[in-house]
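> Below is one structure. I have some questions about it.
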Amino acid sequence: MNNFNNKIRVKELLFPCLLLITLFFATGCETDETQTVATFNNLVAEDNFDVDGQIDTSFWNFDIGDGTDQGIPGWGNNELQYYTDRSENVTVENGFLLITAREEAFNGAQYTSARLQTKGKIQQQYGRFEARIRLPYGKGMFPAFWLLGDDSDGAIWPQIGEIDIMENTGDKPTEIFGTIHGPGYSGGESISKEFTLENSRVDTEFHVYGIEWGPNYINYYFDDKLYNQITPEDIEEETDGEGEWVFNDRPFYIIINLAVGGNLPGAPNAETVFPQTMIVDYVRVYQ
Amino acid sequence: MKIVNNIKVKFLGIIAAILVLVSCERDISDEAVFATFSNNPDIYTDNPVGLTDEFFVSFDPALGANTEAFGTDNNVAYEGTSSIRIDVPAPDDPNGSFVGGIFLDRGAGRNLTGYDALTFWARGSTTATVGLVGFGTDFEENKFAVAGPSIRLSTDWKKYIIPIPDPSKLIQERGMFVFSAGGLDVIDNIPNGNEIGFTFWMDEIRFENLGTVAQLRPAIFSGQDLAQQTFIGSTRVIGGLRATFNGPTGENITVGPAPSYFNFSSSNPSVAFVNELGEIQVIGEGTTTITAQLDDVLAEGSLELTSGGELPLSPTPTQAAEDVRSIYSDSYTSVTNSDFNPGFGGSTTQTTEASLNGNNVQIYANNNFTGILFDNTVDGSEMTHLHVDVYTQSPGTSVEIQIRDVGANGELETNVFNGFPDGDDKDFRFTADGLQVGQWTSFEIPLGGDIATQKNNLGALILVGGPDFILDNIYFYKE
């Protein structure tokens with residue numbers, strides 16, 4: 001998410017073969033022999049959003065504003081929304097977390113929405129992170145479920161690492177993508193893979209988006225389908241040995257947000273319907 | 001076959017009803033099995049699938065449909081060995097100026113409830129537009145007809161998707177496919193005979209359950225919230241029917257569904273009701289709001305009807321027909337058709353024709369300015385007056401009527417700064433006021449002022465103000 005830009009489109013065109021080869025190796029030969037196959041089934045944290053009207057603040061923090069206060073106006077991506085903690089933008093109803101993007105003038109922005117994160121509250125190195133989500137739709141919608149490395153030691157992005165478990169642009173209701181960012185492979189040079197849904201959409205049904213993350217690997221899941229594995233060997237191949245695997249270093253925290261506009265999805269257009277809501281059934285962390 | 005199946009359905013329906021009565025169970029008995037129809041999704045693969053022997057049923061050649069333009073092509077196919085080939089004619093083609101028609105199921109109809117879209121592949125000899133593609137047209141009731149968006153062809157094969165507005169309605173559909181295309185206009189986009197012919201191919205036409213067509217947003221009245229004054233006996237057909245879906249690649253697809261896909265409702269059925277064809281009938285006095293749902297989704301757009309009860313009959317004209325040049329009256333034959341909805345820029349006027357107990361009137365609501373534009377100019381040299389009957393329910397109503405002669409060039413020319421006639425136009429302005437609320441008032445307006453000497457090209461009546469009134473019996477006459 002940070003400094004994410006539309007170069008990812010280019011990268012997808014350049015590197016699909018590499019990704020395919022990587023995946024083949026991962027499932028086929030070398031990598032597989034050294035891979036630690038772990039199934040994380042010890043549930044250590046979860047929010048099922050069971051209390052209507054309340055966000056559990058022992059779990060979540062709110063990020064407020066347009067990113068200026070955080071030093072990244074437009075949240076590093078020229079996004080158009082102002083994040084708030086108002087119930088119009090974030091609330092719990094009927095057992096679901098609702099993050100709603102609205103078209104309204106607010107503190108100089110044209111849109112409002114919300115961004116929740118668990119920094120200092122729910123942090124963990126390795127494990128399974130998953131959420132069951134129904135996404136919004138329409139040009140300009142940019143929902144994400146992702147992880148950032150804890151930066152309390154003063155390290156800065158991309159050294160801290162970023163694991164985007166699920167991102168989607170609302171003009172592609174049958175595609176999601178999972179991405180990692182680190183030193184040597186951040187922003188437009190990040191390492192990413194798309195997953196295309198067959199006979200289904202992200203905005204009409206709930207799907208489980210998850211990763212299983214252990215030493216030297218991150219496995220990406222869509223529902224029960226493993227669609228990508230990223231290992232240090234992939235970093236080395238894609239960056240000609242320049243990139244550094246930073247996912248054995250520190251605990252990561254969770255972020256869920258619904259951005260509007262920005263470099264990657266482009267601005268909403270006349271056909272975009274507002275408001276749009278990202279509906280989260282649960283967020284779970286396993287060890 | 002069709003008749004037999006129909007009887008079967010009805011018969012079983014009666015059995016079910018009896019069972020309910022006897023057993024007081026609300027569910028239909030397990031033994032009652034409704035007749036079902038083929039759910040074959042295919043329409044054309046390498047051959048027509050399950051279609052009538054004619055395969056292609058053309059639109060009426062008397063209306064210009066070219067029956068020679070349809071065929072199959074064994075040298076071109078998206079998949080397999082054959083495709084449908086359409087040679088769209090030029091407008092001067094002696095066999096007909098456009099091509100179009102339908103494919104009908106050869107049986108009693110198909111059950112399409114398990115599908116969410118009609119899909120097909122097409123390519124063109126050039127990037128022309130095909131004006132109509134859809135399904136549900138059977139040349140009988142066309143009850144569940146759907147007109148897809150016009151499609152822009154590519155010179156390579158491309159897949160097209162036409163969503164089914166509500167598949168649950170299609171338990172027995174015979175209209176498998178409909179298309180219509182005319183020549184390509186590369187010059188001015190006006191149908192004036194300069195179009196050229198082109199060829200396009202269609203293949204793999206079938207119904208599919210894509211699972212990726214979603215986010216239905218229906219609309220009636222093109223999504224507008226309208227208000228209208230009305231009276232008992234008035235009828236109006238709900239127009240502007242749309243269903244917008246979001247397709248698998250994120251693009252919106254808007255189709256035009258037949259009224260029977262919608263469930264219409266009236267908030268006060270004692271004022272007006274709507275039938276399944278979207279026809280509103282006003283039956284009482286009061287206010288009601290007309291809304292609709294499509295597949296349980298509330299449609300954007302509505303109509304608030306305020307019925308004043310019985311509209312008194314307008315006065316019966318007394319002039320002899322030979323002394324009259326009529327514009328709008330049930331008592332005389334009109335000398336010209338007229339445009340009652342000219343859509344002037346900045347106009348807020350809503351004009352609707354209502355038929356009240358067989359007498360047609362024009363109802364004006366929220367008028368700032370509008371006009372009645374005559375399709376052909378009227379020679380009023382022999383005429384002395386304009387007659388018009390005006391009705392209102394609102395005290396203080398006052399309508400200015402500007403009688404316009406458009407001059408020899410036949411064009412309505414108005415100075416955009418002051419609203420006065422420009423060029424060779426002349427007008428005479430008359431204010432109809434002093435109206436009695438709840439009654440018709442007849443006005444005999446002399447053809448005076450600037451048109452006293454120029455009235456051989458009468459072309460329009462401009463109506464200013466009101467804002468709410470009804471007009472009838474508009475005609476020129478000689479005293």
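Labeling convention for the structure tokens: chains A, B, ... as they appear, residues from 1 per chain, ligands from 1 in order of appearance.
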For chain A against chain B, which residues fall within 6 Å using only C-alpha atoms, given as JSON, numbers by chain?
{"A": [171, 172, 173, 199, 200, 201]}
> Please dump the current selection as a PDB file, in the first residue's frame; keep N, CA and C atoms.

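Listing of out.pdb after writing:
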```
ATOM      1  N   ASP A 171     -12.837  -1.718 -10.214  1.00  0.00           N
ATOM      2  CA  ASP A 171     -13.196  -1.886 -11.623  1.00  0.00           C
ATOM      3  C   ASP A 171     -12.831  -3.279 -12.130  1.00  0.00           C
ATOM      4  N   LYS A 172     -12.305  -4.124 -11.241  1.00  0.00           N
ATOM      5  CA  LYS A 172     -11.996  -5.509 -11.619  1.00  0.00           C
ATOM      6  C   LYS A 172     -12.608  -6.453 -10.587  1.00  0.00           C
ATOM      7  N   PRO A 173     -13.912  -6.654 -10.695  1.00  0.00           N
ATOM      8  CA  PRO A 173     -14.610  -7.398  -9.629  1.00  0.00           C
ATOM      9  C   PRO A 173     -14.298  -8.886  -9.593  1.00  0.00           C
ATOM     10  N   ASN A 199     -16.494 -17.654 -12.271  1.00  0.00           N
ATOM     11  CA  ASN A 199     -17.938 -17.724 -11.962  1.00  0.00           C
ATOM     12  C   ASN A 199     -18.292 -17.127 -10.604  1.00  0.00           C
ATOM     13  N   SER A 200     -17.556 -16.126 -10.198  1.00  0.00           N
ATOM     14  CA  SER A 200     -17.831 -15.507  -8.904  1.00  0.00           C
ATOM     15  C   SER A 200     -17.206 -14.119  -8.900  1.00  0.00           C
ATOM     16  N   ARG A 201     -17.647 -13.301  -7.961  1.00  0.00           N
ATOM     17  CA  ARG A 201     -17.130 -11.939  -7.857  1.00  0.00           C
ATOM     18  C   ARG A 201     -16.772 -11.651  -6.405  1.00  0.00           C
TER      19      ARG A 201
END
```
> Among the residues of stretch 215-357 of chain B, find those DSSP assigns to helix (DSSP H, G or I) from the backbone and print them as a list in words.
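The helix (DSSP H, G or I) residues within stretch 215-357 of chain B come out as Phe221, Ser222, Gly223, Pro259, Ser260, Tyr261, Ala321, Glu322 and Asp323 of chain B.
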> Kindly save the residues from that selection, with C-alpha atoms included, as a short mmCIF file (atom, residue, chain, number, x, y, z; two decimals), in the first residue's frame.

```cif
data_model
loop_
_atom_site.label_atom_id
_atom_site.label_comp_id
_atom_site.auth_asym_id
_atom_site.auth_seq_id
_atom_site.Cartn_x
_atom_site.Cartn_y
_atom_site.Cartn_z
CA PHE B 221 -38.81 6.92 -15.92
CA SER B 222 -35.07 6.89 -16.71
CA GLY B 223 -34.41 7.23 -12.99
CA PRO B 259 -42.36 -4.00 -18.38
CA SER B 260 -43.29 -7.54 -17.30
CA TYR B 261 -39.89 -8.00 -15.63
CA ALA B 321 -65.33 21.78 -40.03
CA GLU B 322 -64.70 23.59 -43.31
CA ASP B 323 -63.96 26.81 -41.42
#
```
> Just the strand (DSSP E or B) stuff from stretch 33-159 of chain B, please, per backbone DSSP, written as a VMD selection string.
chain B and resid 38 42 to 44 48 51 57 to 58 65 70 to 73 83 to 88 98 to 105 110 117 to 124 129 to 130 132 to 135 146 to 147 151 to 152 158 to 159
> Find the residues near A:Glu212: any atom within 7 Å, counting only C-alpha atoms, skip ones fewer than 2 places away on the same chain, and give them as a tab-separated table (two decimals) with C-alpha atoms, in the first residue's frame.

```
chain	number	residue	atom	x	y	z
A	127	GLY	CA	1.34	-17.60	11.51
A	128	ARG	CA	-1.88	-17.56	9.57
A	129	PHE	CA	-3.64	-14.22	9.07
A	210	GLY	CA	-5.32	-15.31	3.96
A	214	GLY	CA	6.67	-18.95	8.25
A	218	ILE	CA	4.63	-16.70	2.57
A	219	ASN	CA	1.75	-18.72	1.11
A	220	TYR	CA	-1.23	-16.84	-0.33
```
> Atom CA of B:Ile162 and atom CA of B:Phe120, how far apart in Å?
8.9 Å
> If I take atom CA of B:Gly183 and atom CA of B:Thr126, how far is one from the other in Å, to one decimal?
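Rounded to one decimal, the two atoms are 11.3 Å apart.
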> Do you have the atom CA of B:Asp424-atom CA of B:Gly407 distance handy?
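Distance between the two atoms: 5.1 Å.
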> Quick one: residues within 10 Å of A:Thr272, only C-alpha atoms, excluding same-chain residues fewer than 5 positions away - as an MDAnalysis selection string?
(chainID A and resid 137:141 170:171 267) or (chainID B and resid 252)
> Could you write out that same residue set with N, CA and C atoms as a PDB file, in the first residue's frame?

```pdb
ATOM      1  N   TYR A 137     -17.605  -2.325  -4.981  1.00  0.00           N
ATOM      2  CA  TYR A 137     -17.308  -2.345  -6.417  1.00  0.00           C
ATOM      3  C   TYR A 137     -17.386  -0.955  -6.984  1.00  0.00           C
ATOM      4  N   GLY A 138     -16.809  -0.801  -8.166  1.00  0.00           N
ATOM      5  CA  GLY A 138     -16.882   0.467  -8.884  1.00  0.00           C
ATOM      6  C   GLY A 138     -15.498   1.087  -9.028  1.00  0.00           C
ATOM      7  N   LYS A 139     -15.317   1.779 -10.146  1.00  0.00           N
ATOM      8  CA  LYS A 139     -14.050   2.430 -10.441  1.00  0.00           C
ATOM      9  C   LYS A 139     -13.633   3.328  -9.282  1.00  0.00           C
ATOM     10  N   GLY A 140     -12.389   3.203  -8.869  1.00  0.00           N
ATOM     11  CA  GLY A 140     -11.870   4.033  -7.788  1.00  0.00           C
ATOM     12  C   GLY A 140     -11.847   3.372  -6.433  1.00  0.00           C
ATOM     13  N   MET A 141     -12.595   2.274  -6.270  1.00  0.00           N
ATOM     14  CA  MET A 141     -12.580   1.570  -4.984  1.00  0.00           C
ATOM     15  C   MET A 141     -11.253   0.809  -4.855  1.00  0.00           C
ATOM     16  N   GLY A 170     -11.826  -1.733  -7.649  1.00  0.00           N
ATOM     17  CA  GLY A 170     -13.262  -1.963  -7.828  1.00  0.00           C
ATOM     18  C   GLY A 170     -13.707  -2.091  -9.272  1.00  0.00           C
ATOM     19  N   ASP A 171     -12.837  -1.718 -10.214  1.00  0.00           N
ATOM     20  CA  ASP A 171     -13.196  -1.886 -11.623  1.00  0.00           C
ATOM     21  C   ASP A 171     -12.831  -3.279 -12.130  1.00  0.00           C
ATOM     22  N   ALA A 267      -9.260   7.481 -10.291  1.00  0.00           N
ATOM     23  CA  ALA A 267     -10.343   8.166  -9.578  1.00  0.00           C
ATOM     24  C   ALA A 267     -11.693   7.520  -9.903  1.00  0.00           C
TER      25      ALA A 267
ATOM     26  N   ASN B 252     -20.180  -1.402 -16.750  1.00  0.00           N
ATOM     27  CA  ASN B 252     -21.620  -1.428 -16.577  1.00  0.00           C
ATOM     28  C   ASN B 252     -22.287  -1.845 -17.883  1.00  0.00           C
TER      29      ASN B 252
END
```
> Go through A:Ile165, A:Val260, A:Ala270, A:Ile122 one by one, measure the shortest atom-to-atom distance of each to A:Gln229 using only C-alpha atoms, and give the residue with the smallest value.
A:Ile165
> Rank nothing, just name the residue among A:Asp224, A:Asn107, A:Glu167, A:Glu130 nearest to A:Thr68, using only C-alpha atoms.
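Counting only C-alpha atoms, the residue closest to A:Thr68 is A:Asn107.
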> Set the distance at 12 Å and use only C-alpha atoms: which residues neighbour A:Asp69 once local chain neighbours fewer than 5 positions away are removed? I'd like the list as a VMD selection string.
chain A and resid 63 to 64 74 to 75 82 to 83
> Measuring atom to atom with only C-alpha atoms, identify which of B:Val399, B:Ala145, B:Ala69, B:Val271 is nearest to B:Asn366.
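Of all the options, B:Val399 lies closest to B:Asn366.
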> Which residues are near stretch 237-241 of chain B? Cut-off 12 Å, only C-alpha atoms, ignore same chain within fewer than 2 positions. Put them as a PyMOL selection string.
chain B and resi 145-147+165+217-226+234-235+243-244+254-265+273-282+290-294+299-303+352-355
> List the neighbours of A:Val208 out to 12 Å using only C-alpha atoms; skip same-chain residues closer than 2 positions along the sequence, and give me the result as a ChimeraX atom specification.
/A:128-135,145,165-166,176,202,205-206,210-211,220-226,279-284
> Go through B:Phe70, B:Phe344, B:Tyr475, B:Phe469 and flag the residue nearest B:Gln229, using only C-alpha atoms for the distances.
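Of all the options, B:Phe469 lies closest to B:Gln229.
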> Between B:Ile363, B:Ile445, B:Ala320, B:Ile470, which is the closest to B:Thr392 once you count only C-alpha atoms?
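Residue with the minimum atom-to-atom distance to B:Thr392: B:Ile470.
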> For B:Phe56, which residue out of B:Asp405, B:Asp185, B:Asp138, B:Glu304 is the nearest one, using only C-alpha atoms?
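Closest to B:Phe56 of all the choices is B:Asp138.
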